[in-house]
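Trainee: What follows is protein05.pdb; its format and atoms are PDB, C-alpha atoms, pLDDT in the B column.
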ATOM      1  CA  GLY C   1     109.091  93.011  39.407  1.00 57.00           C
ATOM      2  CA  GLU C   2     112.121  94.472  41.100  1.00 66.00           C
ATOM      3  CA  ASP C   3     115.375  93.963  39.268  1.00 84.00           C
ATOM      4  CA  VAL C   4     118.863  95.428  39.426  1.00 91.00           C
ATOM      5  CA  GLU C   5     121.345  94.942  36.598  1.00 92.00           C
ATOM      6  CA  GLN C   6     125.080  95.498  36.430  1.00 94.00           C
ATOM      7  CA  SER C   7     127.818  94.648  33.982  1.00 90.00           C
ATOM      8  CA  LEU C   8     129.891  91.700  35.147  1.00 91.00           C
ATOM      9  CA  PHE C   9     133.438  92.937  34.732  1.00 95.00           C
ATOM     10  CA  LEU C  10     135.503  96.125  34.504  1.00 97.00           C
ATOM     11  CA  SER C  11     139.264  96.391  34.087  1.00 97.00           C
ATOM     12  CA  VAL C  12     141.181  99.637  34.645  1.00 97.00           C
ATOM     13  CA  ARG C  13     144.761 100.728  35.137  1.00 97.00           C
ATOM     14  CA  GLU C  14     145.985 101.993  38.484  1.00 97.00           C
ATOM     15  CA  GLY C  15     145.532 105.746  38.717  1.00 97.00           C
ATOM     16  CA  ASP C  16     142.685 105.881  36.204  1.00 97.00           C
ATOM     17  CA  SER C  17     139.054 106.522  37.127  1.00 97.00           C
ATOM     18  CA  SER C  18     136.614 103.633  37.281  1.00 97.00           C
ATOM     19  CA  VAL C  19     132.926 103.970  36.526  1.00 98.00           C
ATOM     20  CA  ILE C  20     130.598 101.151  37.526  1.00 98.00           C
ATOM     21  CA  ASN C  21     127.051 101.330  36.221  1.00 97.00           C
ATOM     22  CA  CYS C  22     123.760  99.954  37.454  1.00 96.00           C
ATOM     23  CA  THR C  23     120.148 100.077  36.314  1.00 95.00           C
ATOM     24  CA  TYR C  24     117.169  99.393  38.527  1.00 91.00           C
ATOM     25  CA  THR C  25     113.446  99.016  37.995  1.00 86.00           C
ATOM     26  CA  ASP C  26     111.662 100.086  41.173  1.00 78.00           C
ATOM     27  CA  SER C  27     110.875 103.773  40.748  1.00 75.00           C
ATOM     28  CA  SER C  28     109.671 103.937  44.343  1.00 77.00           C
ATOM     29  CA  SER C  29     113.096 103.064  45.751  1.00 75.00           C
ATOM     30  CA  THR C  30     113.976 105.430  48.562  1.00 81.00           C
ATOM     31  CA  TYR C  31     117.684 104.722  48.759  1.00 88.00           C
ATOM     32  CA  LEU C  32     120.269 103.274  46.395  1.00 92.00           C
ATOM     33  CA  TYR C  33     123.442 101.710  47.691  1.00 94.00           C
ATOM     34  CA  TRP C  34     126.919 100.684  46.698  1.00 97.00           C
ATOM     35  CA  TYR C  35     128.594  97.835  48.556  1.00 97.00           C
ATOM     36  CA  LYS C  36     132.114  96.425  48.136  1.00 97.00           C
ATOM     37  CA  GLN C  37     133.014  92.774  48.645  1.00 95.00           C
ATOM     38  CA  GLU C  38     136.580  91.554  48.825  1.00 94.00           C
ATOM     39  CA  PRO C  39     137.323  87.841  48.235  1.00 90.00           C
ATOM     40  CA  GLY C  40     135.826  85.591  50.912  1.00 87.00           C
ATOM     41  CA  ALA C  41     134.538  88.518  52.946  1.00 90.00           C
ATOM     42  CA  GLY C  42     131.251  90.148  53.818  1.00 91.00           C
ATOM     43  CA  LEU C  43     129.858  93.272  52.194  1.00 93.00           C
ATOM     44  CA  GLN C  44     131.138  96.713  53.141  1.00 95.00           C
ATOM     45  CA  LEU C  45     128.743  99.624  52.744  1.00 94.00           C
ATOM     46  CA  LEU C  46     130.580 102.224  50.654  1.00 96.00           C
ATOM     47  CA  THR C  47     127.956 104.871  50.192  1.00 95.00           C
ATOM     48  CA  TYR C  48     124.287 105.406  49.515  1.00 93.00           C
ATOM     49  CA  ILE C  49     122.174 108.109  47.973  1.00 93.00           C
ATOM     50  CA  PHE C  50     118.679 109.283  48.750  1.00 90.00           C
ATOM     51  CA  SER C  51     116.391 109.119  45.752  1.00 87.00           C
ATOM     52  CA  ASN C  52     115.776 112.888  45.648  1.00 88.00           C
ATOM     53  CA  MET C  53     119.487 113.590  45.131  1.00 91.00           C
ATOM     54  CA  ASP C  54     121.367 113.665  41.818  1.00 93.00           C
ATOM     55  CA  MET C  55     124.883 113.326  43.117  1.00 96.00           C
ATOM     56  CA  LYS C  56     126.816 112.480  46.243  1.00 96.00           C
ATOM     57  CA  GLN C  57     130.555 112.786  46.683  1.00 96.00           C
ATOM     58  CA  ASP C  58     132.610 111.161  49.405  1.00 93.00           C
ATOM     59  CA  GLN C  59     136.383 111.481  49.016  1.00 95.00           C
ATOM     60  CA  ARG C  60     137.332 109.400  45.938  1.00 97.00           C
ATOM     61  CA  LEU C  61     133.777 108.168  45.412  1.00 97.00           C
ATOM     62  CA  THR C  62     131.123 109.962  43.362  1.00 97.00           C
ATOM     63  CA  VAL C  63     127.626 108.580  42.996  1.00 97.00           C
ATOM     64  CA  LEU C  64     125.407 109.838  40.188  1.00 97.00           C
ATOM     65  CA  LEU C  65     121.693 109.105  40.070  1.00 96.00           C
ATOM     66  CA  ASN C  66     119.510 109.579  37.011  1.00 94.00           C
ATOM     67  CA  LYS C  67     116.079 108.848  38.366  1.00 91.00           C
ATOM     68  CA  LYS C  68     114.347 109.345  35.030  1.00 91.00           C
ATOM     69  CA  ASP C  69     116.420 106.591  33.416  1.00 93.00           C
ATOM     70  CA  LYS C  70     116.710 104.594  36.676  1.00 92.00           C
ATOM     71  CA  HIS C  71     120.477 104.613  36.286  1.00 95.00           C
ATOM     72  CA  LEU C  72     123.027 104.720  39.087  1.00 96.00           C
ATOM     73  CA  SER C  73     126.782 104.971  38.727  1.00 97.00           C
ATOM     74  CA  LEU C  74     129.774 104.829  41.042  1.00 98.00           C
ATOM     75  CA  ARG C  75     132.926 106.652  40.021  1.00 98.00           C
ATOM     76  CA  ILE C  76     136.163 105.860  41.817  1.00 98.00           C
ATOM     77  CA  ALA C  77     138.847 108.456  41.227  1.00 98.00           C
ATOM     78  CA  ASP C  78     142.544 107.516  41.197  1.00 97.00           C
ATOM     79  CA  THR C  79     141.756 103.801  41.347  1.00 98.00           C
ATOM     80  CA  GLN C  80     144.198 101.753  43.408  1.00 97.00           C
ATOM     81  CA  THR C  81     144.976  98.028  43.432  1.00 96.00           C
ATOM     82  CA  GLY C  82     143.247  97.862  46.805  1.00 95.00           C
ATOM     83  CA  ASP C  83     140.008  98.831  45.072  1.00 97.00           C
ATOM     84  CA  SER C  84     139.963  95.473  43.264  1.00 97.00           C
ATOM     85  CA  ALA C  85     136.784  93.766  44.475  1.00 97.00           C
ATOM     86  CA  ILE C  86     133.204  93.030  43.532  1.00 96.00           C
ATOM     87  CA  TYR C  87     130.900  96.033  43.712  1.00 97.00           C
ATOM     88  CA  PHE C  88     127.202  95.556  44.312  1.00 96.00           C
ATOM     89  CA  CYS C  89     124.493  98.019  43.551  1.00 95.00           C
ATOM     90  CA  ALA C  90     121.297  97.681  45.621  1.00 93.00           C
ATOM     91  CA  GLU C  91     117.940  99.397  45.698  1.00 90.00           C
ATOM     92  CA  SER C  92     115.623  99.609  48.661  1.00 85.00           C
ATOM     93  CA  SER C  93     111.987  98.757  48.816  1.00 73.00           C
ATOM     94  CA  TYR C  94     109.690  98.360  51.775  1.00 66.00           C
ATOM     95  CA  TYR C  95     108.964  94.757  52.443  1.00 57.00           C
ATOM     96  CA  GLY C  96     106.061  93.673  54.592  1.00 56.00           C
ATOM     97  CA  GLY C  97     106.086  96.759  56.771  1.00 56.00           C
ATOM     98  CA  ALA C  98     108.788  99.114  57.936  1.00 53.00           C
ATOM     99  CA  THR C  99     111.745  96.956  57.067  1.00 60.00           C
ATOM    100  CA  ASN C 100     113.867  98.193  54.224  1.00 68.00           C
ATOM    101  CA  LYS C 101     114.457  95.280  51.870  1.00 78.00           C
ATOM    102  CA  LEU C 102     117.498  95.491  49.645  1.00 87.00           C
ATOM    103  CA  ILE C 103     117.447  94.148  46.103  1.00 89.00           C
ATOM    104  CA  PHE C 104     120.987  93.450  44.940  1.00 92.00           C
ATOM    105  CA  GLY C 105     122.485  93.366  41.484  1.00 93.00           C
ATOM    106  CA  THR C 106     124.752  90.500  40.448  1.00 92.00           C
ATOM    107  CA  GLY C 107     127.887  92.520  41.157  1.00 94.00           C
ATOM    108  CA  THR C 108     130.646  94.003  39.001  1.00 96.00           C
ATOM    109  CA  LEU C 109     134.142  92.604  39.364  1.00 96.00           C
ATOM    110  CA  LEU C 110     136.612  95.491  39.241  1.00 97.00           C
ATOM    111  CA  ALA C 111     140.152  94.450  38.321  1.00 97.00           C
ATOM    112  CA  VAL C 112     142.831  97.113  38.755  1.00 97.00           C
ATOM    113  CA  GLN C 113     146.003  96.545  36.751  1.00 95.00           C
ATOM    114  CA  PRO C 114     149.237  97.951  38.220  1.00 91.00           C
TER     115      PRO C 114
ATOM    116  CA  ASP I   1     134.587  97.070  68.954  1.00 59.00           C
ATOM    117  CA  GLY I   2     131.084  97.169  67.545  1.00 67.00           C
ATOM    118  CA  GLY I   3     130.183  94.823  64.773  1.00 93.00           C
ATOM    119  CA  ILE I   4     128.622  91.658  63.499  1.00 96.00           C
ATOM    120  CA  THR I   5     130.218  88.259  63.991  1.00 96.00           C
ATOM    121  CA  GLN I   6     129.364  85.047  62.220  1.00 97.00           C
ATOM    122  CA  SER I   7     130.569  81.592  63.057  1.00 94.00           C
ATOM    123  CA  PRO I   8     131.910  79.320  61.884  1.00 94.00           C
ATOM    124  CA  LYS I   9     133.703  80.800  58.872  1.00 94.00           C
ATOM    125  CA  TYR I  10     133.648  77.445  57.064  1.00 95.00           C
ATOM    126  CA  LEU I  11     131.146  74.654  57.651  1.00 94.00           C
ATOM    127  CA  PHE I  12     130.896  71.228  56.098  1.00 93.00           C
ATOM    128  CA  ARG I  13     127.779  69.131  56.309  1.00 91.00           C
ATOM    129  CA  LYS I  14     126.714  65.732  55.166  1.00 91.00           C
ATOM    130  CA  GLU I  15     123.506  65.418  53.218  1.00 89.00           C
ATOM    131  CA  GLY I  16     120.505  64.949  55.479  1.00 89.00           C
ATOM    132  CA  GLN I  17     121.950  66.867  58.420  1.00 91.00           C
ATOM    133  CA  ASN I  18     120.659  70.094  59.871  1.00 94.00           C
ATOM    134  CA  VAL I  19     123.231  72.778  60.676  1.00 95.00           C
ATOM    135  CA  THR I  20     122.965  76.067  62.530  1.00 96.00           C
ATOM    136  CA  LEU I  21     124.860  79.211  61.568  1.00 97.00           C
ATOM    137  CA  SER I  22     125.497  81.787  64.249  1.00 97.00           C
ATOM    138  CA  CYS I  23     125.090  85.558  63.905  1.00 98.00           C
ATOM    139  CA  GLU I  24     125.687  87.997  66.752  1.00 98.00           C
ATOM    140  CA  GLN I  25     125.708  91.800  66.744  1.00 97.00           C
ATOM    141  CA  ASN I  26     126.615  94.349  69.393  1.00 96.00           C
ATOM    142  CA  LEU I  27     125.441  97.388  67.445  1.00 94.00           C
ATOM    143  CA  ASN I  28     122.153  97.566  69.360  1.00 94.00           C
ATOM    144  CA  HIS I  29     120.324  97.148  66.051  1.00 93.00           C
ATOM    145  CA  ASP I  30     116.686  96.135  66.064  1.00 92.00           C
ATOM    146  CA  ALA I  31     116.575  94.436  62.669  1.00 92.00           C
ATOM    147  CA  MET I  32     118.602  91.456  61.487  1.00 94.00           C
ATOM    148  CA  TYR I  33     118.721  89.660  58.160  1.00 94.00           C
ATOM    149  CA  TRP I  34     120.013  86.491  56.541  1.00 97.00           C
ATOM    150  CA  TYR I  35     121.092  86.449  52.900  1.00 96.00           C
ATOM    151  CA  ARG I  36     122.376  83.726  50.645  1.00 96.00           C
ATOM    152  CA  GLN I  37     125.003  84.387  47.975  1.00 94.00           C
ATOM    153  CA  ASP I  38     125.688  82.028  45.087  1.00 93.00           C
ATOM    154  CA  PRO I  39     128.556  82.457  42.596  1.00 85.00           C
ATOM    155  CA  GLY I  40     127.814  85.086  39.972  1.00 78.00           C
ATOM    156  CA  GLN I  41     124.599  86.119  41.669  1.00 81.00           C
ATOM    157  CA  GLY I  42     123.509  88.885  43.925  1.00 85.00           C
ATOM    158  CA  LEU I  43     122.340  88.338  47.473  1.00 92.00           C
ATOM    159  CA  ARG I  44     118.929  86.862  48.113  1.00 93.00           C
ATOM    160  CA  LEU I  45     116.984  87.409  51.326  1.00 92.00           C
ATOM    161  CA  ILE I  46     116.176  84.280  53.356  1.00 96.00           C
ATOM    162  CA  TYR I  47     114.632  85.639  56.577  1.00 96.00           C
ATOM    163  CA  TYR I  48     114.531  88.897  58.460  1.00 93.00           C
ATOM    164  CA  SER I  49     113.547  90.009  61.934  1.00 93.00           C
ATOM    165  CA  GLN I  50     112.533  93.503  62.982  1.00 90.00           C
ATOM    166  CA  ILE I  51     112.187  92.847  66.704  1.00 90.00           C
ATOM    167  CA  VAL I  52     112.800  90.115  69.250  1.00 94.00           C
ATOM    168  CA  ASN I  53     110.491  87.090  69.015  1.00 95.00           C
ATOM    169  CA  ASP I  54     109.305  88.076  65.564  1.00 94.00           C
ATOM    170  CA  PHE I  55     110.637  87.184  62.111  1.00 94.00           C
ATOM    171  CA  GLN I  56     109.398  87.085  58.537  1.00 92.00           C
ATOM    172  CA  LYS I  57     110.152  85.001  55.465  1.00 94.00           C
ATOM    173  CA  GLY I  58     112.193  86.522  52.699  1.00 91.00           C
ATOM    174  CA  ASP I  59     112.301  85.462  49.068  1.00 90.00           C
ATOM    175  CA  ILE I  60     113.888  82.022  49.544  1.00 95.00           C
ATOM    176  CA  ALA I  61     112.838  80.816  53.023  1.00 96.00           C
ATOM    177  CA  GLU I  62     112.057  77.206  52.076  1.00 96.00           C
ATOM    178  CA  GLY I  63     114.372  74.755  53.828  1.00 96.00           C
ATOM    179  CA  TYR I  64     115.551  77.303  56.395  1.00 97.00           C
ATOM    180  CA  SER I  65     114.439  78.283  59.892  1.00 97.00           C
ATOM    181  CA  VAL I  66     115.401  81.069  62.292  1.00 98.00           C
ATOM    182  CA  SER I  67     114.807  82.248  65.829  1.00 98.00           C
ATOM    183  CA  ARG I  68     115.140  85.638  67.512  1.00 97.00           C
ATOM    184  CA  GLU I  69     115.142  85.081  71.259  1.00 97.00           C
ATOM    185  CA  LYS I  70     117.630  87.873  71.954  1.00 97.00           C
ATOM    186  CA  LYS I  71     118.175  91.219  70.275  1.00 97.00           C
ATOM    187  CA  GLU I  72     121.839  90.423  69.683  1.00 97.00           C
ATOM    188  CA  SER I  73     121.402  87.008  68.110  1.00 98.00           C
ATOM    189  CA  PHE I  74     119.717  85.653  64.969  1.00 98.00           C
ATOM    190  CA  PRO I  75     120.776  82.051  64.261  1.00 98.00           C
ATOM    191  CA  LEU I  76     119.909  80.391  60.954  1.00 98.00           C
ATOM    192  CA  THR I  77     119.268  76.650  60.665  1.00 97.00           C
ATOM    193  CA  VAL I  78     119.740  75.045  57.286  1.00 96.00           C
ATOM    194  CA  THR I  79     117.546  71.974  57.325  1.00 94.00           C
ATOM    195  CA  SER I  80     117.763  68.783  55.309  1.00 90.00           C
ATOM    196  CA  ALA I  81     114.782  70.072  53.334  1.00 88.00           C
ATOM    197  CA  GLN I  82     116.980  72.671  51.640  1.00 89.00           C
ATOM    198  CA  LYS I  83     117.730  71.087  48.267  1.00 88.00           C
ATOM    199  CA  ASN I  84     120.879  72.992  47.389  1.00 91.00           C
ATOM    200  CA  PRO I  85     122.393  74.402  50.583  1.00 93.00           C
ATOM    201  CA  THR I  86     125.998  74.901  49.418  1.00 95.00           C
ATOM    202  CA  ALA I  87     126.461  78.676  49.396  1.00 96.00           C
ATOM    203  CA  PHE I  88     127.928  81.677  51.179  1.00 95.00           C
ATOM    204  CA  TYR I  89     125.621  82.925  53.945  1.00 97.00           C
ATOM    205  CA  LEU I  90     125.679  86.521  55.079  1.00 96.00           C
ATOM    206  CA  CYS I  91     124.049  88.029  58.122  1.00 97.00           C
ATOM    207  CA  ALA I  92     123.267  91.731  58.361  1.00 95.00           C
ATOM    208  CA  SER I  93     121.751  94.124  60.852  1.00 94.00           C
ATOM    209  CA  SER I  94     120.267  97.601  60.776  1.00 91.00           C
ATOM    210  CA  SER I  95     118.298 100.062  62.775  1.00 85.00           C
ATOM    211  CA  PHE I  96     114.526  99.549  62.632  1.00 76.00           C
ATOM    212  CA  SER I  97     114.131 101.553  59.412  1.00 70.00           C
ATOM    213  CA  GLY I  98     116.990  99.648  57.795  1.00 67.00           C
ATOM    214  CA  ASN I  99     118.459 102.517  55.799  1.00 78.00           C
ATOM    215  CA  GLU I 100     121.979 101.204  56.385  1.00 87.00           C
ATOM    216  CA  GLN I 101     122.504  97.474  56.576  1.00 91.00           C
ATOM    217  CA  PHE I 102     125.833  96.283  57.930  1.00 93.00           C
ATOM    218  CA  PHE I 103     127.125  92.838  57.093  1.00 95.00           C
ATOM    219  CA  GLY I 104     129.047  90.177  58.929  1.00 96.00           C
ATOM    220  CA  PRO I 105     132.017  88.329  57.379  1.00 95.00           C
ATOM    221  CA  GLY I 106     129.921  85.373  56.207  1.00 95.00           C
ATOM    222  CA  THR I 107     129.854  81.593  56.598  1.00 96.00           C
ATOM    223  CA  ARG I 108     130.683  79.324  53.695  1.00 95.00           C
ATOM    224  CA  LEU I 109     128.604  76.148  53.896  1.00 96.00           C
ATOM    225  CA  THR I 110     129.548  73.125  51.833  1.00 95.00           C
ATOM    226  CA  VAL I 111     127.430  70.003  51.668  1.00 91.00           C
ATOM    227  CA  LEU I 112     129.453  66.856  51.036  1.00 87.00           C
TER     228      LEU I 112
END
Using structure tokens, write down the structure from this file.
Mentor:
Amino acid sequence: GEDVEQSLFLSVREGDSSVINCTYTDSSSTYLYWYKQEPGAGLQLLTYIFSNMDMKQDQRLTVLLNKKDKHLSLRIADTQTGDSAIYFCAESSYYGGATNKLIFGTGTLLAVQP
Amino acid sequence: DGGITQSPKYLFRKEGQNVTLSCEQNLNHDAMYWYRQDPGQGLRLIYYSQIVNDFQKGDIAEGYSVSREKKESFPLTVTSAQKNPTAFYLCASSSFSGNEQFFGPGTRLTVL
């Protein structure tokens, strides 16, 4: 079945780059997403990548997709303390029609040390 | 300001009571979703609705009910049949194709 896996925790120093990894199982996924969740808050869509792309860059964020290995990564350059949050990877699959169902990973807690 | 609002932010319920969580959006989105989040877990889909007066069960619909009488609103009722209702509930909305789902701030439900 569909499954998305992430490591639970990542600690980096302020100013370093962070790389958060994710593996997924549904090879038919059309889009793959990265969401950010701060404590007690909803999810903020950071970026997403279409499955026929290898890379997408958006300011400090770089998404890499290896479709062969079903591996997705999010690189945050010059990580700041404000980047401390839980990051969720999600894959899309069609669910009972046109609706795009998202399958979420368990989230990676990013802790940025000053 | 366009967005998704959820109320209340915190909700306490006694066992055996039904409670209704509110979700409203002014993004003119066709589709709306309810997810449940438990500690250390990803989000799980409870119900979704693609258009007014229509909704479908997600992966964990048992013990929950929804309605979609207006495009802007998608309330979720947690019934007494839900065995373990304490969780963080998130509402989301998207255009019909759902490529980008936007989330509300969530409601934390605690059963006493």
Trainee: Need to verify the contact set: range 57-63 of chain C, 6 Å, all atoms listed in the file, exclusion of same-chain residues closer than 5 positions in sequence. Can you return it as a PyMOL selection string?
Mentor: chain C and resi 73-77
Trainee: Give as a list in words every residue of chain I that touches chain C within 9 Å, counting all atoms listed in the file.
Mentor: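 My answer is Ala31, Gly40, Gln41, Gly42, Leu43, Arg44, Leu45, Tyr48, Ser49, Gln50, Gln56, Gly58, Phe88, Leu90, Cys91, Phe96, Ser97, Gly98, Asn99, Glu100, Gln101, Phe102, Phe103, Gly104, Pro105, Gly106 and Arg108 of chain I.
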Trainee: May I ask for the distance between CA of Val112 in chain C and CA of Tyr24 in chain C, given in Å to one decimal place?
Mentor: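 One can read the CA of Val112 in chain C to CA of Tyr24 in chain C distance as 25.8 Å.
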Trainee: One decimal, Å: what's the distance from CA of Gln82 in chain I over to CA of Ser94 in chain I, could you say?
Mentor: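 Taking CA of Gln82 in chain I as the start and CA of Ser94 in chain I as the end point, the length is 26.8 Å.
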Trainee: Would you write out, as a VMD selection string, every residue that the PyMOL selection byres ((chain I and resi 12-28) around 7) captures in this file?
Mentor: chain I and resid 2 to 7 10 to 11 29 to 30 72 to 80 91 109 to 112
Trainee: Using only C-alpha atoms, please write the residues we just selected to a file, as an mmCIF file, in the coordinates of the input.
Mentor:
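What follows is the written file out-v2.cif:
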data_model
loop_
_atom_site.group_PDB
_atom_site.id
_atom_site.type_symbol
_atom_site.label_atom_id
_atom_site.label_comp_id
_atom_site.auth_asym_id
_atom_site.auth_seq_id
_atom_site.Cartn_x
_atom_site.Cartn_y
_atom_site.Cartn_z
ATOM 1 C CA GLY I 2 131.084 97.169 67.545
ATOM 2 C CA GLY I 3 130.183 94.823 64.773
ATOM 3 C CA ILE I 4 128.622 91.658 63.499
ATOM 4 C CA THR I 5 130.218 88.259 63.991
ATOM 5 C CA GLN I 6 129.364 85.047 62.220
ATOM 6 C CA SER I 7 130.569 81.592 63.057
ATOM 7 C CA TYR I 10 133.648 77.445 57.064
ATOM 8 C CA LEU I 11 131.146 74.654 57.651
ATOM 9 C CA HIS I 29 120.324 97.148 66.051
ATOM 10 C CA ASP I 30 116.686 96.135 66.064
ATOM 11 C CA GLU I 72 121.839 90.423 69.683
ATOM 12 C CA SER I 73 121.402 87.008 68.110
ATOM 13 C CA PHE I 74 119.717 85.653 64.969
ATOM 14 C CA PRO I 75 120.776 82.051 64.261
ATOM 15 C CA LEU I 76 119.909 80.391 60.954
ATOM 16 C CA THR I 77 119.268 76.650 60.665
ATOM 17 C CA VAL I 78 119.740 75.045 57.286
ATOM 18 C CA THR I 79 117.546 71.974 57.325
ATOM 19 C CA SER I 80 117.763 68.783 55.309
ATOM 20 C CA CYS I 91 124.049 88.029 58.122
ATOM 21 C CA LEU I 109 128.604 76.148 53.896
ATOM 22 C CA THR I 110 129.548 73.125 51.833
ATOM 23 C CA VAL I 111 127.430 70.003 51.668
ATOM 24 C CA LEU I 112 129.453 66.856 51.036
#
Trainee: To one decimal place in Å, what is the distance between CA of Pro39 in chain C and CA of Arg36 in chain I?
Mentor: 15.7 Å
Trainee: Around (111.6, 103.6, 34.4) in the file's own coordinates, what residues are found within 12 Å if you use all atoms listed in the file, given back as a list in words?
Mentor: Gly1, Glu2, Asp3, Thr23, Tyr24, Thr25, Asp26, Ser27, Ser28, Ser29, Asn66, Lys67, Lys68, Asp69, Lys70 and His71 of chain C
Trainee: For Asp83 in chain C, find every residue with an atom within 9 Å (counting only C-alpha atoms), except residues of its own chain fewer than 4 positions away, and show them as a PDB file with C-alpha atoms, in the coordinates of the input.
Mentor:
ATOM      1  CA  LYS C  36     132.114  96.425  48.136  1.00 97.00           C
ATOM      2  CA  GLU C  38     136.580  91.554  48.825  1.00 94.00           C
ATOM      3  CA  ILE C  76     136.163 105.860  41.817  1.00 98.00           C
ATOM      4  CA  THR C  79     141.756 103.801  41.347  1.00 98.00           C
ATOM      5  CA  LEU C 110     136.612  95.491  39.241  1.00 97.00           C
ATOM      6  CA  ALA C 111     140.152  94.450  38.321  1.00 97.00           C
ATOM      7  CA  VAL C 112     142.831  97.113  38.755  1.00 97.00           C
TER       8      VAL C 112
END
Trainee: Write out as JSON an axis-aligned box for range 56-63 of chain C: all of its atoms listed in the file, 4 Å added on each side, centre and edge lengths in Å with one decimal.
Mentor:
{"center_x": 132.1, "center_y": 110.5, "center_z": 46.2, "size_x": 18.5, "size_y": 12.6, "size_z": 14.4}
Trainee: I:Asn84, I:Ile46, I:Thr107, I:Ser93: which is nearest Val66 in chain I, counting only C-alpha atoms?
Mentor: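 Under the stated criterion, the closest residue is I:Ile46.
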Trainee: Find, counting all atoms listed in the file, the residue in C:Val19, C:Thr81, C:Met53, C:Ile86 that gets nearest to Pro114 in chain C.
Mentor: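 Between C:Val19, C:Thr81, C:Met53, C:Ile86, the residue approaching Pro114 in chain C most closely is C:Thr81.
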